[in-house]
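J.: Input file: query.cif. Contents: mmCIF, C-alpha atoms.
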```cif
data_data
#
loop_
_atom_site.label_atom_id
_atom_site.label_comp_id
_atom_site.auth_asym_id
_atom_site.auth_seq_id
_atom_site.Cartn_x
_atom_site.Cartn_y
_atom_site.Cartn_z
CA MET C 67 13.44 20.85 14.95
CA LYS C 68 12.32 17.38 13.78
CA THR C 69 14.42 16.48 10.73
CA PRO C 70 18.01 15.31 11.47
CA SER C 71 20.48 17.68 9.85
CA SER C 72 22.17 14.95 7.79
CA LEU C 73 18.74 14.05 6.38
CA GLU C 74 18.04 17.71 5.64
CA ASP C 75 21.41 17.94 3.90
CA LEU C 76 20.58 14.88 1.81
CA ILE C 77 17.18 16.31 0.82
CA GLU C 78 18.79 19.61 -0.10
CA ALA C 79 21.59 17.85 -2.03
CA LEU C 80 19.09 15.78 -4.03
CA ARG C 81 17.72 19.00 -5.48
CA CYS C 82 20.76 19.19 -7.78
CA LEU C 83 18.97 16.53 -9.83
CA PRO C 84 17.11 18.10 -12.75
CA GLY C 85 13.35 18.35 -12.14
CA VAL C 86 13.53 17.45 -8.46
CA GLY C 87 11.77 19.93 -6.15
CA PRO C 88 11.53 19.93 -2.34
CA LYS C 89 8.69 17.36 -2.18
CA SER C 90 10.31 14.89 -4.57
CA ALA C 91 13.66 15.30 -2.84
CA GLN C 92 12.04 14.39 0.48
CA ARG C 93 10.30 11.38 -1.04
CA ILE C 94 13.54 10.17 -2.66
CA ALA C 95 15.53 10.57 0.57
CA TYR C 96 12.94 8.60 2.57
CA HIS C 97 12.84 5.93 -0.12
CA LEU C 98 16.61 5.48 -0.06
CA LEU C 99 16.89 5.46 3.74
CA GLN C 100 13.87 3.21 4.26
CA ARG C 101 14.24 0.79 1.42
CA ASP C 102 17.45 1.05 -0.53
CA HIS C 103 20.62 1.44 1.53
CA PRO C 104 22.69 -0.59 -0.99
CA GLY C 105 21.39 1.57 -3.85
CA ALA C 106 22.19 4.78 -1.99
CA LEU C 107 25.69 3.59 -1.12
CA ARG C 108 26.28 2.55 -4.70
CA LEU C 109 25.04 5.92 -5.97
CA GLY C 110 27.28 7.80 -3.55
CA ASN C 111 30.28 5.76 -4.67
CA ALA C 112 29.43 6.10 -8.36
CA LEU C 113 29.15 9.87 -8.04
CA HIS C 114 32.54 10.17 -6.38
CA ARG C 115 34.17 7.78 -8.82
CA ALA C 116 32.69 9.51 -11.89
CA LEU C 117 33.74 12.94 -10.66
CA GLU C 118 37.22 11.60 -10.08
CA VAL C 119 37.91 9.82 -13.37
CA ILE C 120 35.66 11.34 -16.03
CA GLN C 121 37.20 14.01 -18.21
CA HIS C 122 36.59 15.34 -21.71
CA CYS C 123 38.22 13.57 -24.67
CA GLU C 124 40.87 15.83 -26.21
CA LYS C 125 39.62 15.06 -29.69
CA CYS C 126 35.83 14.72 -29.59
CA ASN C 127 35.19 16.53 -26.27
CA SER C 128 32.81 13.78 -25.11
CA PHE C 129 33.07 12.13 -21.68
CA SER C 130 36.03 9.80 -21.37
CA GLU C 131 38.17 8.15 -18.74
CA GLU C 132 41.29 8.57 -20.88
CA PRO C 133 42.74 11.68 -22.57
CA VAL C 134 41.53 10.35 -25.95
CA CYS C 135 38.40 8.18 -25.95
CA GLU C 136 38.02 4.71 -27.39
CA LEU C 137 35.93 5.87 -30.35
CA CYS C 138 38.47 8.52 -31.40
CA ARG C 139 41.30 5.96 -31.14
CA SER C 140 39.48 3.36 -33.23
CA PRO C 141 41.21 2.68 -36.59
CA ARG C 142 37.92 1.48 -38.05
CA ARG C 143 36.30 4.95 -38.06
CA ASP C 144 36.47 7.25 -41.09
CA ALA C 145 38.63 10.18 -39.92
CA GLY C 146 37.56 12.20 -42.97
CA LEU C 147 34.06 12.70 -41.56
CA LEU C 148 33.38 14.83 -38.48
CA CYS C 149 29.89 14.91 -37.01
CA VAL C 150 29.02 17.78 -34.66
CA VAL C 151 26.43 16.98 -31.96
CA GLU C 152 25.22 18.87 -28.92
CA THR C 153 25.57 16.23 -26.20
CA PRO C 154 27.08 12.78 -25.48
CA GLY C 155 23.48 11.52 -25.48
CA ASP C 156 23.12 12.63 -29.09
CA LEU C 157 26.39 10.88 -29.96
CA LEU C 158 24.99 7.69 -28.44
CA MET C 159 21.81 8.06 -30.50
CA MET C 160 23.91 8.40 -33.67
CA GLU C 161 25.84 5.26 -32.76
CA GLN C 162 22.65 3.33 -32.03
CA ALA C 163 21.27 4.34 -35.44
CA GLN C 164 24.34 2.58 -36.94
CA CYS C 165 24.31 4.92 -39.93
CA TYR C 166 27.61 6.68 -39.41
CA GLN C 167 31.24 5.52 -39.42
CA GLY C 168 33.06 8.84 -39.01
CA LEU C 169 34.25 10.69 -35.90
CA TYR C 170 32.48 13.21 -33.65
CA PHE C 171 32.77 16.56 -31.98
CA VAL C 172 30.52 17.09 -28.97
CA LEU C 173 29.69 20.74 -28.27
CA MET C 174 28.41 19.99 -24.73
CA GLY C 175 25.65 22.49 -25.32
CA ARG C 176 24.29 24.86 -27.96
CA LEU C 177 24.59 28.59 -28.60
CA SER C 178 22.22 30.36 -26.25
CA PRO C 179 23.15 34.01 -25.76
CA LEU C 180 20.39 34.58 -23.19
CA ASP C 181 21.92 31.89 -20.96
CA GLY C 182 25.41 33.27 -21.53
CA ILE C 183 26.43 30.36 -23.75
CA GLY C 184 28.51 31.76 -26.61
CA PRO C 185 31.03 30.28 -29.09
CA LYS C 186 33.65 29.82 -26.37
CA GLU C 187 31.35 27.81 -24.09
CA ILE C 188 30.65 25.27 -26.85
CA HIS C 189 34.37 25.05 -27.70
CA LEU C 190 34.13 26.32 -31.28
CA ASP C 191 37.86 27.23 -31.29
CA ARG C 192 38.70 23.58 -30.72
CA LEU C 193 36.15 22.48 -33.33
CA LEU C 194 37.68 24.86 -35.89
CA ARG C 195 41.23 23.60 -35.24
CA ARG C 196 39.94 20.04 -35.45
CA ALA C 197 38.05 20.61 -38.74
CA HIS C 198 41.13 22.31 -40.15
CA ASP C 199 43.62 19.53 -39.40
CA GLY C 200 43.89 18.41 -43.05
CA VAL C 201 42.35 14.99 -42.37
CA VAL C 202 38.71 16.04 -42.03
CA LYS C 203 37.03 16.26 -45.44
CA GLU C 204 33.46 17.03 -44.39
CA VAL C 205 31.79 18.31 -41.27
CA ILE C 206 28.25 17.04 -40.68
CA LEU C 207 26.17 19.29 -38.45
CA ALA C 208 23.83 17.18 -36.34
CA THR C 209 22.64 19.66 -33.74
CA ASN C 210 18.95 19.54 -32.79
CA PHE C 211 16.27 21.10 -34.99
CA THR C 212 15.26 23.44 -32.20
CA VAL C 213 15.65 27.20 -32.59
CA GLU C 214 18.93 27.17 -30.68
CA GLY C 215 20.22 24.05 -32.40
CA GLU C 216 19.45 25.54 -35.82
CA ALA C 217 21.14 28.83 -34.92
CA THR C 218 24.18 26.89 -33.69
CA ALA C 219 24.34 24.87 -36.93
CA HIS C 220 24.02 28.04 -39.01
CA TYR C 221 26.75 29.82 -37.03
CA ILE C 222 29.17 26.90 -37.23
CA GLY C 223 28.34 26.34 -40.90
CA GLU C 224 29.21 29.91 -41.82
CA LEU C 225 32.48 29.77 -39.85
CA LEU C 226 33.61 26.55 -41.49
CA LYS C 227 32.57 27.54 -45.02
CA ALA C 228 34.57 30.76 -44.62
CA LYS C 229 37.61 28.54 -44.05
CA GLY C 230 36.84 26.51 -47.15
CA ILE C 231 35.68 23.42 -45.28
CA ARG C 232 32.87 21.32 -46.73
CA VAL C 233 29.86 21.37 -44.42
CA SER C 234 26.57 19.50 -44.45
CA ARG C 235 23.50 19.41 -42.25
CA ILE C 236 21.57 16.24 -41.45
CA ALA C 237 18.25 16.28 -43.29
CA ARG C 238 15.20 17.71 -41.66
CA GLY C 239 13.74 14.25 -41.47
CA LEU C 240 13.25 14.93 -37.78
CA PRO C 241 10.06 16.72 -36.82
CA VAL C 242 10.59 20.49 -36.49
CA GLY C 243 11.26 21.32 -32.84
CA GLY C 244 12.27 17.72 -32.23
CA GLU C 245 15.35 16.54 -30.39
CA LEU C 246 17.74 13.76 -31.42
CA GLU C 247 17.35 12.02 -28.14
CA HIS C 248 13.66 11.30 -28.66
CA VAL C 249 13.62 10.15 -32.26
CA ASP C 250 13.59 6.58 -33.56
CA SER C 251 16.74 5.16 -35.18
CA GLY C 252 15.15 4.85 -38.63
CA THR C 253 14.24 8.52 -38.88
CA LEU C 254 17.68 9.51 -37.65
CA ALA C 255 19.42 7.21 -40.15
CA GLN C 256 17.29 8.71 -42.95
CA ALA C 257 18.30 12.19 -41.87
CA VAL C 258 21.98 11.28 -42.09
CA VAL C 259 21.61 9.78 -45.57
CA GLU C 260 19.73 12.87 -46.80
CA ARG C 261 22.12 15.41 -45.33
CA ARG C 262 22.48 18.51 -47.54
CA GLU C 263 25.46 20.77 -48.10
CA VAL C 264 25.16 24.26 -46.61
CA MET V 172 32.21 0.58 -26.51
CA LYS V 173 31.57 4.33 -26.27
CA THR V 174 30.41 5.06 -22.71
CA PRO V 175 33.18 5.11 -20.06
CA SER V 176 32.50 2.41 -17.45
CA SER V 177 32.42 4.86 -14.54
CA LEU V 178 29.75 6.83 -16.40
CA GLU V 179 27.80 3.64 -17.07
CA ASP V 180 28.07 2.75 -13.38
CA LEU V 181 26.75 6.18 -12.44
CA ILE V 182 23.81 5.86 -14.86
CA GLU V 183 23.02 2.41 -13.50
CA ALA V 184 23.36 3.62 -9.89
CA LEU V 185 20.99 6.53 -10.51
CA ARG V 186 18.25 4.03 -11.27
CA CYS V 187 17.88 3.37 -7.54
CA LEU V 188 15.99 6.68 -7.46
CA PRO V 189 12.23 6.07 -7.57
CA GLY V 190 10.72 6.75 -11.00
CA VAL V 191 14.06 7.04 -12.79
CA GLY V 192 14.39 4.81 -15.88
CA PRO V 193 17.39 4.36 -18.21
CA LYS V 194 16.72 7.54 -20.25
CA SER V 195 16.25 9.80 -17.23
CA ALA V 196 19.28 8.26 -15.53
CA GLN V 197 21.38 9.09 -18.57
CA ARG V 198 20.05 12.64 -18.70
CA ILE V 199 20.72 13.16 -14.98
CA ALA V 200 24.28 11.80 -15.24
CA TYR V 201 25.08 14.08 -18.20
CA HIS V 202 23.56 17.04 -16.39
CA LEU V 203 25.66 16.45 -13.28
CA LEU V 204 28.91 15.86 -15.18
CA GLN V 205 28.38 18.75 -17.60
CA ARG V 206 26.88 21.35 -15.36
CA ASP V 207 26.88 20.55 -11.69
CA HIS V 208 30.08 19.02 -10.32
CA PRO V 209 29.63 20.77 -6.94
CA GLY V 210 26.05 19.47 -6.69
CA ALA V 211 27.14 15.94 -7.55
CA LEU V 212 29.95 16.02 -5.01
CA ARG V 213 27.62 17.35 -2.36
CA LEU V 214 25.06 14.64 -3.15
CA GLY V 215 27.71 11.92 -2.95
CA ASN V 216 28.87 13.23 0.41
CA ALA V 217 25.32 13.68 1.74
CA LEU V 218 24.44 10.09 0.78
CA HIS V 219 27.47 8.66 2.58
CA ARG V 220 26.95 10.86 5.62
CA ALA V 221 23.22 10.06 5.89
CA LEU V 222 23.85 6.31 5.57
CA GLU V 223 26.47 6.61 8.29
CA VAL V 224 24.62 8.61 10.91
CA ILE V 225 20.88 8.12 10.36
CA GLN V 226 19.19 5.47 12.45
CA HIS V 227 15.67 4.88 13.74
CA CYS V 228 14.58 6.57 16.98
CA GLU V 229 14.10 3.93 19.70
CA LYS V 230 10.83 5.51 20.76
CA CYS V 231 9.04 6.80 17.66
CA ASN V 232 10.91 4.76 15.01
CA SER V 233 11.38 7.86 12.80
CA PHE V 234 14.74 8.88 11.31
CA SER V 235 17.15 10.28 13.89
CA GLU V 236 20.83 10.90 14.39
CA GLU V 237 20.59 9.97 18.06
CA PRO V 238 19.14 6.85 19.74
CA VAL V 239 16.13 8.93 20.85
CA CYS V 240 15.08 11.82 18.62
CA GLU V 241 14.62 15.45 19.61
CA LEU V 242 10.83 15.33 19.40
CA CYS V 243 10.60 12.28 21.69
CA ARG V 244 12.96 13.94 24.19
CA SER V 245 11.01 17.22 24.25
CA PRO V 246 9.36 17.90 27.66
CA ARG V 247 6.79 20.13 25.96
CA ARG V 248 5.04 17.26 24.17
CA ASP V 249 2.03 15.46 25.70
CA ALA V 250 3.31 11.93 26.36
CA GLY V 251 -0.26 10.74 26.94
CA LEU V 252 -1.07 10.98 23.23
CA LEU V 253 0.52 8.68 20.66
CA CYS V 254 -0.12 9.32 16.97
CA VAL V 255 0.57 6.46 14.53
CA VAL V 256 1.65 7.52 11.02
CA GLU V 257 2.98 5.58 8.05
CA THR V 258 6.09 7.60 7.18
CA PRO V 259 8.39 10.38 8.48
CA GLY V 260 6.86 12.55 5.73
CA ASP V 261 3.44 12.10 7.31
CA LEU V 262 4.90 13.04 10.70
CA LEU V 263 6.27 16.21 9.14
CA MET V 264 2.86 17.04 7.66
CA MET V 265 1.27 16.63 11.11
CA GLU V 266 3.85 18.97 12.61
CA GLN V 267 3.33 21.54 9.88
CA ALA V 268 -0.43 21.46 10.52
CA GLN V 269 0.40 22.54 14.11
CA CYS V 270 -2.66 20.76 15.45
CA TYR V 271 -1.03 18.13 17.62
CA GLN V 272 1.16 18.25 20.72
CA GLY V 273 1.55 14.54 21.51
CA LEU V 274 4.18 12.00 20.47
CA TYR V 275 4.39 9.73 17.42
CA PHE V 276 5.00 6.23 16.25
CA VAL V 277 6.15 5.88 12.65
CA LEU V 278 5.31 2.50 11.06
CA MET V 279 7.74 3.05 8.15
CA GLY V 280 5.15 1.49 5.87
CA ARG V 281 1.68 -0.03 5.92
CA LEU V 282 0.29 -3.56 6.01
CA SER V 283 0.51 -4.95 2.51
CA PRO V 284 0.41 -8.77 2.47
CA LEU V 285 0.92 -8.94 -1.29
CA ASP V 286 4.24 -7.09 -0.93
CA GLY V 287 5.21 -9.27 2.03
CA ILE V 288 4.72 -6.43 4.53
CA GLY V 289 3.10 -7.89 7.62
CA PRO V 290 2.77 -6.80 11.28
CA LYS V 291 6.46 -7.47 11.96
CA GLU V 292 7.67 -5.27 9.08
CA ILE V 293 5.74 -2.26 10.41
CA HIS V 294 7.05 -2.91 13.95
CA LEU V 295 3.66 -3.56 15.60
CA ASP V 296 5.33 -5.39 18.50
CA ARG V 297 7.20 -2.20 19.39
CA LEU V 298 4.07 -0.10 18.94
CA LEU V 299 2.13 -2.40 21.30
CA ARG V 300 4.83 -2.24 23.97
CA ARG V 301 4.95 1.53 23.58
CA ALA V 302 1.17 1.96 23.79
CA HIS V 303 1.13 -0.26 26.88
CA ASP V 304 3.79 1.61 28.85
CA GLY V 305 1.26 3.14 31.26
CA VAL V 306 1.93 6.70 30.11
CA VAL V 307 0.05 6.64 26.80
CA LYS V 308 -3.65 7.37 27.34
CA GLU V 309 -4.84 7.44 23.75
CA VAL V 310 -3.52 6.20 20.43
CA ILE V 311 -4.52 8.26 17.40
CA LEU V 312 -4.39 6.33 14.12
CA ALA V 313 -3.31 8.67 11.33
CA THR V 314 -2.48 6.21 8.55
CA ASN V 315 -3.58 7.18 5.05
CA PHE V 316 -7.17 6.73 3.87
CA THR V 317 -6.07 4.36 1.15
CA VAL V 318 -7.20 0.72 1.17
CA GLU V 319 -3.92 -0.39 2.76
CA GLY V 320 -3.82 2.50 5.22
CA GLU V 321 -7.40 1.78 6.32
CA ALA V 322 -6.67 -1.93 6.72
CA THR V 323 -3.59 -1.07 8.77
CA ALA V 324 -5.59 1.28 11.01
CA HIS V 325 -8.31 -1.34 11.47
CA TYR V 326 -5.77 -4.04 12.34
CA ILE V 327 -3.89 -1.87 14.83
CA GLY V 328 -7.17 -0.57 16.30
CA GLU V 329 -8.42 -4.09 17.03
CA LEU V 330 -5.09 -5.11 18.59
CA LEU V 331 -4.98 -2.08 20.89
CA LYS V 332 -8.65 -2.25 21.90
CA ALA V 333 -8.16 -5.89 22.85
CA LYS V 334 -5.54 -4.67 25.32
CA GLY V 335 -7.93 -2.06 26.71
CA ILE V 336 -6.15 0.91 25.16
CA ARG V 337 -8.20 3.87 23.97
CA VAL V 338 -7.89 4.26 20.21
CA SER V 339 -9.13 6.94 17.81
CA ARG V 340 -8.91 7.51 14.07
CA ILE V 341 -8.37 10.93 12.51
CA ALA V 342 -11.61 12.03 10.84
CA ARG V 343 -12.26 11.23 7.24
CA GLY V 344 -11.95 14.90 6.44
CA LEU V 345 -9.41 13.85 3.85
CA PRO V 346 -10.74 12.76 0.50
CA VAL V 347 -11.18 8.97 0.24
CA GLY V 348 -8.10 7.49 -1.41
CA GLY V 349 -6.11 10.58 -0.45
CA GLU V 350 -2.69 10.63 1.18
CA LEU V 351 -1.56 12.80 4.10
CA GLU V 352 1.38 14.08 2.16
CA HIS V 353 -0.76 15.83 -0.43
CA VAL V 354 -3.39 17.48 1.73
CA ASP V 355 -3.48 21.09 2.94
CA SER V 356 -2.78 21.84 6.61
CA GLY V 357 -6.32 23.10 7.30
CA THR V 358 -7.99 19.87 6.21
CA LEU V 359 -5.47 17.83 8.16
CA ALA V 360 -5.99 19.92 11.31
CA GLN V 361 -9.78 19.49 10.94
CA ALA V 362 -9.33 15.74 10.66
CA VAL V 363 -7.37 15.66 13.93
CA VAL V 364 -9.98 17.70 15.81
CA GLU V 365 -12.78 15.46 14.54
CA ARG V 366 -11.09 12.15 15.29
CA ARG V 367 -13.55 9.46 16.41
CA GLU V 368 -13.08 6.60 18.84
CA VAL V 369 -12.98 3.13 17.28
#
```
What does the file become when written as structure tokens?
T.:
Amino acid sequence: MKTPSSLEDLIEALRCLPGVGPKSAQRIAYHLLQRDHPGALRLGNALHRALEVIQHCEKCNSFSEEPVCELCRSPRRDAGLLCVVETPGDLLMMEQAQCYQGLYFVLMGRLSPLDGIGPKEIHLDRLLRRAHDGVVKEVILATNFTVEGEATAHYIGELLKAKGIRVSRIARGLPVGGELEHVDSGTLAQAVVERREV
Amino acid sequence: MKTPSSLEDLIEALRCLPGVGPKSAQRIAYHLLQRDHPGALRLGNALHRALEVIQHCEKCNSFSEEPVCELCRSPRRDAGLLCVVETPGDLLMMEQAQCYQGLYFVLMGRLSPLDGIGPKEIHLDRLLRRAHDGVVKEVILATNFTVEGEATAHYIGELLKAKGIRVSRIARGLPVGGELEHVDSGTLAQAVVERREV
């Protein structure tokens, strides 16, 4: 009876944000309406704009505004190296570590049969075609060292080796159970240098 | 070089959400773009719609889609009682406690000189006019029992008493330093019953 329906809709809509429950959603909605109209407007616009223009790069599968992203088009990258990561965030971590000059393939996830995420959902068909294009000389698996990330690396490694492609895994310099996103650049760089063939 | 500008804009825009830093903003943006396009679209729409239609009720100052909100228009409420709360969330808590049948005035904040929030920012001129309209018989102060909430209650109490208006404060049944939003309905109801005149 008391909450305007547009406010209720906003509170409900805010729950699409990861980790936001009913109480937080209410607090966020009040905050925006009381104190940050410009921020809310900007967020609304940014959401619409991002949904409109962001697609997946045809080559690396990361987020891009063009069919092929800037990184994949760059002539300065070593096209003989292909690094497989789980998310665009992991790609960004790799770039920030400044230890790698090759190209990427972003799975946009990891194998997780219980959640219904199989080889198709992480685009392994596209990865295989890509790794088999005659230019790629080595595939570096840089999925997380979690149980699912390890299983994904193992699965992809076996697939690629069966096709005669050289595969390596970044070194377990990361703590077991750790995620790329939360590690310091030095450790990550070390792990790339110490990658081992599988 | 690597992040599309519309994605960067979205990440930056997400930082208007309270408690969201650069890392969380990035994680939220990836989540929405990877997994929840419908949620993101709905959020964008809800933000625009809320900004468009939500205003402050002329009587109670809470959020409303009409000039005067449903609660203030209700003939079933006791217009002789006026309860002063800090936020619409606090109003909602009072309603959920089902212990109060009067009307409200929402300050949309609390006195906080260090943050530049003085009597004008919490609309005390409107509250005074409202409390002095001849219909209101008692003003119940239900600001939080924090230092700022207590100071606000004291300040408003003195102002109203000087005008000969009867003022009470909800009982300190809440823990000292506690906030209305986080208390159970029973405690809150108790605090209303045990309010004391100031």
J.: Compare V:Leu181, V:Ser195, V:Leu298, V:Pro284 by their minimum atom-to-atom distance to Gly110 (chain C), counting all atoms listed in the file, and give me the closest one.
T.: V:Leu181
J.: Excluding Glu247 (chain C) and residues on its chain fewer than 2 positions from it, collect all residues at most 12 Å away from it, counting only C-alpha atoms, and give them as number ranges by chain.
T.: C: 151-163, 208-211, 240, 244-245, 249-251, 253-254; V: 194-195, 197-198
J.: Mind writing the picked residues with C-alpha atoms as a CSV table (one decimal), keeping the file's coordinate frame?
T.:
```
chain,number,residue,atom,x,y,z
C,151,VAL,CA,26.4,17.0,-32.0
C,152,GLU,CA,25.2,18.9,-28.9
C,153,THR,CA,25.6,16.2,-26.2
C,154,PRO,CA,27.1,12.8,-25.5
C,155,GLY,CA,23.5,11.5,-25.5
C,156,ASP,CA,23.1,12.6,-29.1
C,157,LEU,CA,26.4,10.9,-30.0
C,158,LEU,CA,25.0,7.7,-28.4
C,159,MET,CA,21.8,8.1,-30.5
C,160,MET,CA,23.9,8.4,-33.7
C,161,GLU,CA,25.8,5.3,-32.8
C,162,GLN,CA,22.6,3.3,-32.0
C,163,ALA,CA,21.3,4.3,-35.4
C,208,ALA,CA,23.8,17.2,-36.3
C,209,THR,CA,22.6,19.7,-33.7
C,210,ASN,CA,19.0,19.5,-32.8
C,211,PHE,CA,16.3,21.1,-35.0
C,240,LEU,CA,13.2,14.9,-37.8
C,244,GLY,CA,12.3,17.7,-32.2
C,245,GLU,CA,15.4,16.5,-30.4
C,249,VAL,CA,13.6,10.2,-32.3
C,250,ASP,CA,13.6,6.6,-33.6
C,251,SER,CA,16.7,5.2,-35.2
C,253,THR,CA,14.2,8.5,-38.9
C,254,LEU,CA,17.7,9.5,-37.6
V,194,LYS,CA,16.7,7.5,-20.2
V,195,SER,CA,16.2,9.8,-17.2
V,197,GLN,CA,21.4,9.1,-18.6
V,198,ARG,CA,20.0,12.6,-18.7
```
J.: Can I get the residues of chain C within 8 Å of chain V, each with the closest pair of atoms and their distance in Å to one decimal, using all atoms listed in the file, sorted chain first then ascending number, as JSON lines?
T.:
```
{"residue": "C:Met67", "atom": "CA", "partner": "V:Glu241", "partner_atom": "CA", "distance": 7.2}
{"residue": "C:Lys68", "atom": "CA", "partner": "V:Leu242", "partner_atom": "CA", "distance": 6.2}
{"residue": "C:Thr69", "atom": "CA", "partner": "V:Ser235", "partner_atom": "CA", "distance": 7.5}
{"residue": "C:Pro70", "atom": "CA", "partner": "V:Ser235", "partner_atom": "CA", "distance": 5.6}
{"residue": "C:Ser72", "atom": "CA", "partner": "V:Ala221", "partner_atom": "CA", "distance": 5.4}
{"residue": "C:Leu73", "atom": "CA", "partner": "V:Ala221", "partner_atom": "CA", "distance": 6.0}
{"residue": "C:Asp75", "atom": "CA", "partner": "V:Ala217", "partner_atom": "CA", "distance": 6.2}
{"residue": "C:Leu76", "atom": "CA", "partner": "V:Ala217", "partner_atom": "CA", "distance": 4.9}
{"residue": "C:Ala79", "atom": "CA", "partner": "V:Leu214", "partner_atom": "CA", "distance": 4.9}
{"residue": "C:Leu80", "atom": "CA", "partner": "V:Leu214", "partner_atom": "CA", "distance": 6.1}
{"residue": "C:Cys82", "atom": "CA", "partner": "V:Gly210", "partner_atom": "CA", "distance": 5.4}
{"residue": "C:Leu83", "atom": "CA", "partner": "V:Ile199", "partner_atom": "CA", "distance": 6.4}
{"residue": "C:Pro84", "atom": "CA", "partner": "V:Ile199", "partner_atom": "CA", "distance": 6.5}
{"residue": "C:Gln92", "atom": "CA", "partner": "V:Gly260", "partner_atom": "CA", "distance": 7.6}
{"residue": "C:Arg93", "atom": "CA", "partner": "V:Gly260", "partner_atom": "CA", "distance": 7.7}
{"residue": "C:Ile94", "atom": "CA", "partner": "V:Leu188", "partner_atom": "CA", "distance": 6.4}
{"residue": "C:Tyr96", "atom": "CA", "partner": "V:Pro259", "partner_atom": "CA", "distance": 7.7}
{"residue": "C:His97", "atom": "CA", "partner": "V:Pro189", "partner_atom": "CA", "distance": 7.5}
{"residue": "C:Leu98", "atom": "CA", "partner": "V:Leu188", "partner_atom": "CA", "distance": 7.5}
{"residue": "C:Leu99", "atom": "CA", "partner": "V:Leu222", "partner_atom": "CA", "distance": 7.2}
{"residue": "C:Gln100", "atom": "CA", "partner": "V:Met279", "partner_atom": "CA", "distance": 7.3}
{"residue": "C:Asp102", "atom": "CA", "partner": "V:Cys187", "partner_atom": "CA", "distance": 7.4}
{"residue": "C:His103", "atom": "CA", "partner": "V:Leu222", "partner_atom": "CA", "distance": 7.1}
{"residue": "C:Gly105", "atom": "CA", "partner": "V:Cys187", "partner_atom": "CA", "distance": 5.4}
{"residue": "C:Ala106", "atom": "CA", "partner": "V:Leu218", "partner_atom": "CA", "distance": 6.4}
{"residue": "C:Leu107", "atom": "CA", "partner": "V:His219", "partner_atom": "CA", "distance": 6.5}
{"residue": "C:Arg108", "atom": "CA", "partner": "V:Ala184", "partner_atom": "CA", "distance": 6.1}
{"residue": "C:Leu109", "atom": "CA", "partner": "V:Ala184", "partner_atom": "CA", "distance": 4.8}
{"residue": "C:Gly110", "atom": "CA", "partner": "V:Gly215", "partner_atom": "CA", "distance": 4.2}
{"residue": "C:Asn111", "atom": "CA", "partner": "V:Gly215", "partner_atom": "CA", "distance": 6.9}
{"residue": "C:Ala112", "atom": "CA", "partner": "V:Leu181", "partner_atom": "CA", "distance": 4.9}
{"residue": "C:Leu113", "atom": "CA", "partner": "V:Gly215", "partner_atom": "CA", "distance": 5.7}
{"residue": "C:His114", "atom": "CA", "partner": "V:Gly215", "partner_atom": "CA", "distance": 6.2}
{"residue": "C:Arg115", "atom": "CA", "partner": "V:Ser177", "partner_atom": "CA", "distance": 6.7}
{"residue": "C:Ala116", "atom": "CA", "partner": "V:Ser177", "partner_atom": "CA", "distance": 5.4}
{"residue": "C:Leu117", "atom": "CA", "partner": "V:His208", "partner_atom": "CA", "distance": 7.1}
{"residue": "C:Val119", "atom": "CA", "partner": "V:Ser177", "partner_atom": "CA", "distance": 7.5}
{"residue": "C:Ile120", "atom": "CA", "partner": "V:Ser177", "partner_atom": "CA", "distance": 7.4}
{"residue": "C:Phe129", "atom": "CA", "partner": "V:Pro175", "partner_atom": "CA", "distance": 7.2}
{"residue": "C:Ser130", "atom": "CA", "partner": "V:Pro175", "partner_atom": "CA", "distance": 5.6}
{"residue": "C:Glu131", "atom": "CA", "partner": "V:Pro175", "partner_atom": "CA", "distance": 6.0}
{"residue": "C:Cys135", "atom": "CA", "partner": "V:Lys173", "partner_atom": "CA", "distance": 7.8}
{"residue": "C:Glu136", "atom": "CA", "partner": "V:Lys173", "partner_atom": "CA", "distance": 6.6}
{"residue": "C:Leu137", "atom": "CA", "partner": "V:Lys173", "partner_atom": "CA", "distance": 6.2}
{"residue": "C:Pro154", "atom": "CA", "partner": "V:Tyr201", "partner_atom": "CA", "distance": 7.7}
{"residue": "C:Gly155", "atom": "CA", "partner": "V:Gln197", "partner_atom": "CA", "distance": 7.6}
{"residue": "C:Leu158", "atom": "CA", "partner": "V:Lys173", "partner_atom": "CA", "distance": 7.7}
{"residue": "C:Met174", "atom": "CA", "partner": "V:Gln205", "partner_atom": "CA", "distance": 7.2}
```
J.: Could you please determine the separation between CA of Val307 (chain V) and CA of Tyr275 (chain V) in Å, to one decimal place?
T.: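 Atom-to-atom, CA of Val307 (chain V) to CA of Tyr275 (chain V), that is 10.8 Å.
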J.: Using only C-alpha atoms, which residue out of V:Glu319, V:Arg300, V:Pro246, V:Leu351 lies closest to Leu285 (chain V)?
T.: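 Of the candidates, the smallest distance to Leu285 (chain V) is held by V:Glu319.
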J.: I'd like the contact shell of Gly273 (chain V) - 9 Å cut-off, only C-alpha atoms, skipping same-chain residues fewer than 3 positions apart - returned as JSON, numbers by chain.
T.: {"V": [247, 248, 249, 250, 251, 252, 253, 254]}
J.: Quick one: pull the distance between CA of Glu260 (chain C) and CA of Val205 (chain C), Å, one decimal.
T.: 14.3 Å
J.: What separation in Å, quoted to one decimal, exists between CA of Ala219 (chain C) and CA of Ala196 (chain V)?
T.: 27.6 Å
J.: Under the PyMOL selection byres ((chain V and resi 340) around 10), which residues of this model are included? Write them out as a list in words.
T.: Cys254, Val255, Val310, Ile311, Leu312, Ala313, Thr314, Glu321, Ala324, His325, Gly328, Val338, Ser339, Ile341, Ala342, Arg343, Ala362, Val363, Glu365, Arg366, Arg367, Glu368 and Val369 of chain V
J.: Looking at V:Gly357, V:Ser245, V:Ile336, V:Val364, which one is nearest to Arg301 (chain V), with distances taken over all atoms listed in the file?
T.: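 Among the listed residues, the smallest separation from Arg301 (chain V) belongs to V:Ile336.
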